[in-house]
Amino acid sequence: MANGQWYPPEWPERIRALAAGELVAAEPRRAATVMLLRDSAAGPEVHMLRRRASMAFAGGAYAYPGGGVDPRDDESVVRWAGPSREAWAARLGVDERSAQAIVCAAVRETYEEAGVLLAGPDATSVVGDTTGESWEADREALVGRELSFGEFLGRRGLVLRTDLLGAWARWITPEFEPRRYDTWFFVASLPAGQRTRNASTEADRTVWIRPEQAAEGYDKGELMMMPPTIATLRALGGFGSAEGALLGAAAQDLTPVLARARVEGDELVLSWPGHDEFTKHIPTASSGGAAT
């Protein structure tokens, strides 16, 4: 493999089945992930985790904290600060209720998996420390879905700081994948006084790494990543600070990126519109060789 692109061996067979009408595409589940940034002397760094090799989806791949929307993320009791739900709906391309759910999922999952919380006592402040037994008990209750995110914020008298997030990209898992997600990518800066930790049972390692360094590791085949991860890393590499990236989020295109498979001669061609580097050529014969 010339790079670290995550490419499951079962994809060619599933692509052929989809093309032949023998496979029904699964409905994608809405999800959110956050590219958490901090500044360093060498430039901004992004927080990444490595998914455990045993994970059914993208095992061994580097990714950002994130996960699926909890059905309760759209409940009206969430205390809200920053751009209105209407503004977020327009930016994300969904209705207001869905916009709240997606934004809440981004903040909740970042807290569940990295211990970082984008919320504060009011619209101008952020909690400075989320460590300790009480915080950990609440985090575990969120993970176990024993506590909704709205209930968590209300219990602690906190306001969701949606102004600390910037919407960056939207990628939808290919139709031939058995587990599909419609994922919104966000960018945010690590709040002062808070620190990340590996709080996820799905990860065996976490790192702070410059986007350019991570991309280089991918290009050398040393770090495995899914197309959305490396694509967003490359886009982050053009910013000189975490604040610059957050300000630059407003100009990012949120048109959904969905992989397409088409037949060209004796090959299946797998491509991601607008991202030519991920194109794969797969022999149509079931006994054909590996994708290139």
# chains A, B, ... in the order shown; residues from 1 in each chain; ligands from 1
call {"tool": "residues_around", "arguments": {"residues": "Ile15 in chain A", "least_positions_apart": "5", "cutoff": "10 Å", "atoms": "only C-alpha atoms", "output": "PyMOL selection string"}}
result
chain A and resi 10+20-23+174-177+260-262+268-270+282+284
call {"tool": "write_last_selection", "arguments": {"atoms": "C-alpha atoms", "output": "compact mmCIF listing (two decimals), in the first residue's frame"}}
result
# COMPACT_ATOMS: atom_id res chain seq x y z
CA GLU A 10 -14.29 -6.95 1.48
CA ALA A 20 -25.45 -5.86 -9.56
CA GLY A 21 -28.41 -4.82 -7.44
CA GLU A 22 -27.74 -7.59 -4.93
CA LEU A 23 -26.97 -5.26 -2.02
CA PRO A 174 -20.14 4.80 0.92
CA GLU A 175 -23.33 2.90 0.10
CA PHE A 176 -21.50 -0.44 -0.01
CA GLU A 177 -20.38 -0.20 3.63
CA ARG A 260 -19.12 6.55 -6.03
CA ALA A 261 -18.37 3.25 -7.81
CA ARG A 262 -18.68 2.94 -11.60
CA LEU A 268 -14.65 -0.92 -11.04
CA VAL A 269 -13.54 2.61 -10.30
CA LEU A 270 -14.09 3.84 -6.75
CA ILE A 282 -10.67 -2.68 -8.87
CA THR A 284 -14.33 -6.62 -12.08
call {"tool": "select_by_dssp", "arguments": {"residues": "range 126-284 of chain A", "states": "strand (DSSP E or B)", "output": "JSON, numbers by chain"}}
result
{"A": [159, 160, 161, 166, 167, 168, 169, 170, 171, 172, 181, 182, 183, 184, 185, 186, 187, 188, 189, 203, 204, 205, 206, 207, 208, 209, 225, 257, 258, 260, 261, 262, 263, 264, 267, 268, 269, 270, 271, 272, 275, 276, 277, 278, 279, 280, 281, 282, 283]}
call {"tool": "write_last_selection", "arguments": {"atoms": "C-alpha atoms", "output": "compact mmCIF listing (two decimals), in the first residue's frame"}}
result
# COMPACT_ATOMS: atom_id res chain seq x y z
CA VAL A 159 -24.47 26.58 28.79
CA LEU A 160 -23.45 24.91 25.54
CA ARG A 161 -20.89 27.19 23.83
CA GLY A 166 -16.78 25.77 13.43
CA ALA A 167 -18.41 23.45 10.88
CA TRP A 168 -15.72 22.14 8.54
CA ALA A 169 -16.91 19.29 6.29
CA ARG A 170 -19.54 16.62 5.76
CA TRP A 171 -18.78 13.08 4.59
CA ILE A 172 -21.18 10.18 4.10
CA TYR A 181 -22.58 7.41 8.89
CA ASP A 182 -23.55 10.88 7.74
CA THR A 183 -20.83 12.77 9.58
CA TRP A 184 -20.32 16.48 10.14
CA PHE A 185 -16.73 17.51 10.94
CA PHE A 186 -16.15 20.46 13.26
CA VAL A 187 -13.09 22.36 14.43
CA ALA A 188 -12.55 23.79 17.92
CA SER A 189 -9.73 25.08 20.14
CA ALA A 203 -9.13 3.86 21.27
CA ASP A 204 -5.80 2.40 22.33
CA ARG A 205 -3.73 5.55 21.78
CA THR A 206 -4.14 9.32 21.56
CA VAL A 207 -1.72 11.92 20.22
CA TRP A 208 -1.34 15.63 19.69
CA ILE A 209 0.21 16.02 16.25
CA MET A 225 -6.71 6.82 8.09
CA VAL A 257 -18.87 13.92 0.02
CA LEU A 258 -20.10 10.44 -0.95
CA ARG A 260 -19.12 6.55 -6.03
CA ALA A 261 -18.37 3.25 -7.81
CA ARG A 262 -18.68 2.94 -11.60
CA VAL A 263 -17.74 0.36 -14.23
CA GLU A 264 -15.05 1.30 -16.75
CA GLU A 267 -12.53 -2.35 -13.82
CA LEU A 268 -14.65 -0.92 -11.04
CA VAL A 269 -13.54 2.61 -10.30
CA LEU A 270 -14.09 3.84 -6.75
CA SER A 271 -13.88 7.60 -6.31
CA TRP A 272 -14.69 10.40 -3.88
CA HIS A 275 -10.75 14.10 -3.85
CA ASP A 276 -8.87 12.38 -6.67
CA GLU A 277 -6.13 10.98 -4.41
CA PHE A 278 -8.53 8.36 -3.03
CA THR A 279 -9.53 6.89 -6.41
CA LYS A 280 -9.21 3.09 -6.56
CA HIS A 281 -9.27 0.79 -9.61
CA ILE A 282 -10.67 -2.68 -8.87
CA PRO A 283 -10.76 -5.62 -11.36
call {"tool": "residues_around", "arguments": {"residues": "Glu140 in chain A", "least_positions_apart": "2", "cutoff": "12 Å", "atoms": "only C-alpha atoms", "output": "count of residues only"}}
result
24
call {"tool": "select_by_dssp", "arguments": {"residues": "range 27-235 of chain A", "states": "alpha helix (DSSP H)", "output": "ChimeraX atom specification"}}
result
/A:85-92,96-114,133-143,149-156,211-219,227-235
call {"tool": "atom_distance", "arguments": {"atom1": "CA of Glu216 in chain A", "atom2": "CA of Pro44 in chain A"}}
result
15.4 Å
call {"tool": "closest_atom_pairs", "arguments": {"of": "range 35-88 of chain A", "to": "range 231-248 of chain A", "cutoff": "6 Å", "atoms": "only C-alpha atoms", "output": "Markdown table"}}
result
| residue | atom | partner | partner_atom | distance |
| --- | --- | --- | --- | --- |
| A:Leu37 | CA | A:Ala242 | CA | 5.6 |
| A:Arg38 | CA | A:Ala242 | CA | 5.8 |
| A:Asp39 | CA | A:Ala242 | CA | 6.0 |
| A:Gly43 | CA | A:Gly240 | CA | 5.8 |
| A:Pro44 | CA | A:Ser241 | CA | 5.2 |
call {"tool": "residues_around", "arguments": {"residues": "range 70-80 of chain A", "least_positions_apart": "4", "cutoff": "12 Å", "atoms": "only C-alpha atoms", "output": "VMD selection string"}}
result
chain A and resid 29 to 32 66 84 to 85 88 95 to 109 118 to 124 142 to 164
call {"tool": "write_last_selection", "arguments": {"atoms": "N, CA and C atoms", "output": "short mmCIF file (atom, residue, chain, number, x, y, z; two decimals), in the first residue's frame"}}
result
data_model
loop_
_atom_site.label_atom_id
_atom_site.label_comp_id
_atom_site.auth_asym_id
_atom_site.auth_seq_id
_atom_site.Cartn_x
_atom_site.Cartn_y
_atom_site.Cartn_z
N ARG A 29 -26.35 6.72 9.60
CA ARG A 29 -26.69 7.29 10.90
C ARG A 29 -25.98 8.63 11.05
N ARG A 30 -26.68 9.63 11.54
CA ARG A 30 -26.06 10.94 11.72
C ARG A 30 -25.02 10.90 12.84
N ALA A 31 -23.90 11.58 12.58
CA ALA A 31 -22.80 11.57 13.53
C ALA A 31 -22.05 12.90 13.46
N ALA A 32 -21.19 13.14 14.43
CA ALA A 32 -20.38 14.35 14.47
C ALA A 32 -19.01 14.03 15.04
N GLY A 66 -15.44 11.51 18.32
CA GLY A 66 -16.74 11.68 17.68
C GLY A 66 -17.58 10.43 17.80
N SER A 84 -27.60 30.96 16.68
CA SER A 84 -28.91 30.37 16.95
C SER A 84 -29.04 29.01 16.28
N ARG A 85 -30.05 28.26 16.70
CA ARG A 85 -30.33 26.99 16.05
C ARG A 85 -30.67 27.20 14.58
N TRP A 88 -27.40 27.64 12.72
CA TRP A 88 -26.73 26.35 12.59
C TRP A 88 -27.43 25.47 11.56
N ASP A 95 -32.73 20.74 9.31
CA ASP A 95 -33.70 21.52 10.06
C ASP A 95 -33.13 21.87 11.44
N GLU A 96 -33.82 22.75 12.16
CA GLU A 96 -33.29 23.25 13.44
C GLU A 96 -33.12 22.15 14.48
N ARG A 97 -34.07 21.25 14.54
CA ARG A 97 -33.98 20.19 15.53
C ARG A 97 -32.78 19.29 15.25
N SER A 98 -32.57 18.97 13.98
CA SER A 98 -31.42 18.15 13.61
C SER A 98 -30.12 18.90 13.85
N ALA A 99 -30.13 20.21 13.60
CA ALA A 99 -28.93 21.01 13.83
C ALA A 99 -28.52 20.96 15.30
N GLN A 100 -29.50 21.10 16.19
CA GLN A 100 -29.19 21.00 17.62
C GLN A 100 -28.60 19.64 17.96
N ALA A 101 -29.19 18.59 17.42
CA ALA A 101 -28.72 17.24 17.71
C ALA A 101 -27.29 17.05 17.25
N ILE A 102 -26.96 17.54 16.07
CA ILE A 102 -25.61 17.37 15.52
C ILE A 102 -24.58 18.16 16.32
N VAL A 103 -24.91 19.41 16.66
CA VAL A 103 -24.00 20.24 17.45
C VAL A 103 -23.81 19.63 18.85
N CYS A 104 -24.92 19.20 19.45
CA CYS A 104 -24.81 18.56 20.77
C CYS A 104 -23.97 17.29 20.71
N ALA A 105 -24.14 16.50 19.66
CA ALA A 105 -23.36 15.27 19.52
C ALA A 105 -21.87 15.58 19.42
N ALA A 106 -21.53 16.64 18.70
CA ALA A 106 -20.12 17.02 18.56
C ALA A 106 -19.51 17.35 19.92
N VAL A 107 -20.20 18.16 20.71
CA VAL A 107 -19.68 18.56 22.02
C VAL A 107 -19.72 17.40 23.00
N ARG A 108 -20.81 16.66 22.99
CA ARG A 108 -20.94 15.53 23.92
C ARG A 108 -19.88 14.46 23.67
N GLU A 109 -19.69 14.09 22.40
CA GLU A 109 -18.73 13.05 22.08
C GLU A 109 -17.30 13.48 22.39
N LEU A 118 -16.90 21.82 25.84
CA LEU A 118 -17.11 23.16 25.29
C LEU A 118 -18.40 23.75 25.86
N ALA A 119 -18.36 24.06 27.14
CA ALA A 119 -19.51 24.61 27.85
C ALA A 119 -19.01 25.43 29.02
N GLY A 120 -19.85 26.33 29.50
CA GLY A 120 -19.46 27.16 30.63
C GLY A 120 -20.66 27.65 31.42
N PRO A 121 -20.42 28.33 32.54
CA PRO A 121 -21.50 28.84 33.38
C PRO A 121 -22.37 29.87 32.66
N ASP A 122 -21.78 30.57 31.67
CA ASP A 122 -22.56 31.55 30.91
C ASP A 122 -22.02 31.61 29.49
N ALA A 123 -22.56 32.53 28.70
CA ALA A 123 -22.23 32.60 27.29
C ALA A 123 -20.83 33.15 26.99
N THR A 124 -20.11 33.58 28.03
CA THR A 124 -18.77 34.16 27.82
C THR A 124 -17.67 33.39 28.54
N LEU A 142 -23.09 9.62 30.74
CA LEU A 142 -23.36 10.03 29.37
C LEU A 142 -23.02 8.91 28.40
N VAL A 143 -21.87 8.29 28.61
CA VAL A 143 -21.44 7.19 27.74
C VAL A 143 -22.44 6.05 27.79
N GLY A 144 -22.93 5.75 28.97
CA GLY A 144 -23.88 4.66 29.15
C GLY A 144 -25.31 5.04 28.80
N ARG A 145 -25.51 6.28 28.34
CA ARG A 145 -26.83 6.80 27.98
C ARG A 145 -27.80 6.75 29.16
N GLU A 146 -27.24 6.83 30.38
CA GLU A 146 -28.07 6.93 31.57
C GLU A 146 -28.46 8.38 31.83
N LEU A 147 -27.76 9.29 31.15
CA LEU A 147 -27.95 10.72 31.34
C LEU A 147 -27.91 11.38 29.97
N SER A 148 -28.88 12.22 29.68
CA SER A 148 -28.86 12.93 28.40
C SER A 148 -27.93 14.13 28.53
N PHE A 149 -27.49 14.66 27.40
CA PHE A 149 -26.57 15.79 27.43
C PHE A 149 -27.27 17.02 28.00
N GLY A 150 -28.55 17.20 27.66
CA GLY A 150 -29.30 18.33 28.21
C GLY A 150 -29.41 18.25 29.72
N GLU A 151 -29.66 17.05 30.24
CA GLU A 151 -29.74 16.85 31.69
C GLU A 151 -28.40 17.12 32.35
N PHE A 152 -27.33 16.69 31.71
CA PHE A 152 -25.98 16.91 32.22
C PHE A 152 -25.68 18.40 32.35
N LEU A 153 -25.97 19.16 31.30
CA LEU A 153 -25.71 20.59 31.33
C LEU A 153 -26.57 21.28 32.39
N GLY A 154 -27.84 20.89 32.47
CA GLY A 154 -28.74 21.49 33.45
C GLY A 154 -28.32 21.19 34.87
N ARG A 155 -27.88 19.97 35.12
CA ARG A 155 -27.45 19.55 36.46
C ARG A 155 -26.28 20.40 36.94
N ARG A 156 -25.42 20.77 36.02
CA ARG A 156 -24.21 21.52 36.37
C ARG A 156 -24.34 23.01 36.11
N GLY A 157 -25.51 23.44 35.67
CA GLY A 157 -25.72 24.86 35.43
C GLY A 157 -24.84 25.41 34.31
N LEU A 158 -24.68 24.62 33.25
CA LEU A 158 -23.79 24.99 32.16
C LEU A 158 -24.55 25.34 30.88
N VAL A 159 -23.93 26.17 30.08
CA VAL A 159 -24.47 26.58 28.79
C VAL A 159 -23.58 26.02 27.69
N LEU A 160 -24.19 25.44 26.68
CA LEU A 160 -23.45 24.91 25.54
C LEU A 160 -22.89 26.07 24.72
N ARG A 161 -21.56 26.11 24.55
CA ARG A 161 -20.89 27.19 23.83
C ARG A 161 -20.74 26.83 22.35
N THR A 162 -21.80 26.97 21.60
CA THR A 162 -21.74 26.58 20.19
C THR A 162 -20.85 27.52 19.38
N ASP A 163 -20.56 28.71 19.92
CA ASP A 163 -19.68 29.64 19.21
C ASP A 163 -18.23 29.18 19.21
N LEU A 164 -17.91 28.17 20.00
CA LEU A 164 -16.55 27.64 20.04
C LEU A 164 -16.32 26.58 18.97
#
call {"tool": "atom_distance", "arguments": {"atom1": "CA of Tyr218 in chain A", "atom2": "CA of Ala249 in chain A"}}
result
23.4 Å
call {"tool": "atom_distance", "arguments": {"atom1": "CA of Asp129 in chain A", "atom2": "CA of Ala41 in chain A"}}
result
23.8 Å
call {"tool": "closest_residue", "arguments": {"among": "A:Ser125, A:Asp266, A:Gln194, A:Leu92", "to": "Gln252 in chain A", "atoms": "only C-alpha atoms"}}
result
A:Leu92
call {"tool": "closest_residue", "arguments": {"among": "A:Ala61, A:Ala26, A:Leu18, A:Ala89", "to": "Pro227 in chain A", "atoms": "only C-alpha atoms"}}
result
A:Ala61
call {"tool": "closest_residue", "arguments": {"among": "A:Pro273, A:Gly265, A:Pro228, A:Pro178", "to": "Ala63 in chain A", "atoms": "only C-alpha atoms"}}
result
A:Pro228
call {"tool": "decode", "arguments": {"residues": "range 65-88 of chain A", "atoms": "N, CA, C and O atoms", "output": "mmCIF file, in the first residue's frame"}}
result
data_model
loop_
_atom_site.group_PDB
_atom_site.id
_atom_site.type_symbol
_atom_site.label_atom_id
_atom_site.label_comp_id
_atom_site.auth_asym_id
_atom_site.auth_seq_id
_atom_site.Cartn_x
_atom_site.Cartn_y
_atom_site.Cartn_z
ATOM 1 N N PRO A 65 -12.074 12.536 17.956
ATOM 2 C CA PRO A 65 -13.182 12.183 18.847
ATOM 3 C C PRO A 65 -14.516 12.421 18.151
ATOM 4 O O PRO A 65 -14.695 13.424 17.456
ATOM 5 N N GLY A 66 -15.436 11.506 18.322
ATOM 6 C CA GLY A 66 -16.739 11.678 17.685
ATOM 7 C C GLY A 66 -17.585 10.431 17.798
ATOM 8 O O GLY A 66 -17.137 9.397 18.306
ATOM 9 N N GLY A 67 -18.809 10.528 17.318
ATOM 10 C CA GLY A 67 -19.706 9.383 17.365
ATOM 11 C C GLY A 67 -21.101 9.759 16.910
ATOM 12 O O GLY A 67 -21.351 10.889 16.462
ATOM 13 N N GLY A 68 -22.003 8.825 17.031
ATOM 14 C CA GLY A 68 -23.353 9.003 16.544
ATOM 15 C C GLY A 68 -24.198 9.926 17.409
ATOM 16 O O GLY A 68 -23.927 10.140 18.599
ATOM 17 N N VAL A 69 -25.236 10.479 16.805
ATOM 18 C CA VAL A 69 -26.190 11.335 17.509
ATOM 19 C C VAL A 69 -27.034 10.492 18.455
ATOM 20 O O VAL A 69 -27.508 9.419 18.098
ATOM 21 N N ASP A 70 -27.178 10.955 19.689
ATOM 22 C CA ASP A 70 -28.081 10.342 20.661
ATOM 23 C C ASP A 70 -29.476 10.895 20.357
ATOM 24 O O ASP A 70 -29.629 12.101 20.175
ATOM 25 N N PRO A 71 -30.511 10.036 20.295
ATOM 26 C CA PRO A 71 -31.858 10.535 20.014
ATOM 27 C C PRO A 71 -32.283 11.687 20.920
ATOM 28 O O PRO A 71 -33.114 12.514 20.543
ATOM 29 N N ARG A 72 -31.686 11.771 22.109
ATOM 30 C CA ARG A 72 -32.057 12.839 23.044
ATOM 31 C C ARG A 72 -31.279 14.129 22.820
ATOM 32 O O ARG A 72 -31.527 15.140 23.487
ATOM 33 N N ASP A 73 -30.313 14.118 21.878
ATOM 34 C CA ASP A 73 -29.527 15.321 21.621
ATOM 35 C C ASP A 73 -30.356 16.457 21.051
ATOM 36 O O ASP A 73 -29.919 17.609 21.045
ATOM 37 N N ASP A 74 -31.546 16.146 20.544
ATOM 38 C CA ASP A 74 -32.382 17.214 19.976
ATOM 39 C C ASP A 74 -33.432 17.729 20.966
ATOM 40 O O ASP A 74 -34.307 18.501 20.600
ATOM 41 N N GLU A 75 -33.332 17.311 22.245
ATOM 42 C CA GLU A 75 -34.349 17.747 23.206
ATOM 43 C C GLU A 75 -34.221 19.241 23.475
ATOM 44 O O GLU A 75 -33.135 19.821 23.454
ATOM 45 N N SER A 76 -35.347 19.885 23.742
ATOM 46 C CA SER A 76 -35.393 21.343 23.824
ATOM 47 C C SER A 76 -34.800 21.922 25.100
ATOM 48 O O SER A 76 -34.629 23.141 25.206
ATOM 49 N N VAL A 77 -34.449 21.085 26.084
ATOM 50 C CA VAL A 77 -33.981 21.619 27.365
ATOM 51 C C VAL A 77 -32.504 22.005 27.338
ATOM 52 O O VAL A 77 -31.972 22.494 28.324
ATOM 53 N N VAL A 78 -31.810 21.804 26.234
ATOM 54 C CA VAL A 78 -30.387 22.141 26.167
ATOM 55 C C VAL A 78 -30.199 23.654 26.267
ATOM 56 O O VAL A 78 -30.797 24.420 25.509
ATOM 57 N N ARG A 79 -29.374 24.094 27.221
ATOM 58 C CA ARG A 79 -29.059 25.511 27.367
ATOM 59 C C ARG A 79 -28.049 25.888 26.290
ATOM 60 O O ARG A 79 -27.018 25.234 26.146
ATOM 61 N N TRP A 80 -28.311 26.949 25.563
ATOM 62 C CA TRP A 80 -27.634 27.220 24.295
ATOM 63 C C TRP A 80 -27.025 28.618 24.278
ATOM 64 O O TRP A 80 -27.645 29.582 24.707
ATOM 65 N N ALA A 81 -25.792 28.754 23.761
ATOM 66 C CA ALA A 81 -25.160 30.050 23.566
ATOM 67 C C ALA A 81 -24.435 30.030 22.226
ATOM 68 O O ALA A 81 -24.031 28.979 21.741
ATOM 69 N N GLY A 82 -24.286 31.209 21.628
ATOM 70 C CA GLY A 82 -23.624 31.271 20.327
ATOM 71 C C GLY A 82 -24.647 31.420 19.216
ATOM 72 O O GLY A 82 -25.784 31.850 19.444
ATOM 73 N N PRO A 83 -24.264 31.059 17.968
ATOM 74 C CA PRO A 83 -25.199 31.159 16.844
ATOM 75 C C PRO A 83 -26.504 30.424 17.160
ATOM 76 O O PRO A 83 -26.501 29.391 17.830
ATOM 77 N N SER A 84 -27.603 30.964 16.677
ATOM 78 C CA SER A 84 -28.905 30.375 16.946
ATOM 79 C C SER A 84 -29.045 29.015 16.276
ATOM 80 O O SER A 84 -28.286 28.669 15.365
ATOM 81 N N ARG A 85 -30.046 28.264 16.704
ATOM 82 C CA ARG A 85 -30.334 26.991 16.052
ATOM 83 C C ARG A 85 -30.668 27.202 14.577
ATOM 84 O O ARG A 85 -30.323 26.380 13.733
ATOM 85 N N GLU A 86 -31.343 28.314 14.289
ATOM 86 C CA GLU A 86 -31.683 28.635 12.903
ATOM 87 C C GLU A 86 -30.420 28.835 12.073
ATOM 88 O O GLU A 86 -30.319 28.357 10.940
ATOM 89 N N ALA A 87 -29.438 29.537 12.641
ATOM 90 C CA ALA A 87 -28.184 29.780 11.927
ATOM 91 C C ALA A 87 -27.427 28.483 11.713
ATOM 92 O O ALA A 87 -26.864 28.236 10.636
ATOM 93 N N TRP A 88 -27.404 27.641 12.725
ATOM 94 C CA TRP A 88 -26.727 26.349 12.588
ATOM 95 C C TRP A 88 -27.433 25.469 11.563
ATOM 96 O O TRP A 88 -26.786 24.755 10.792
#
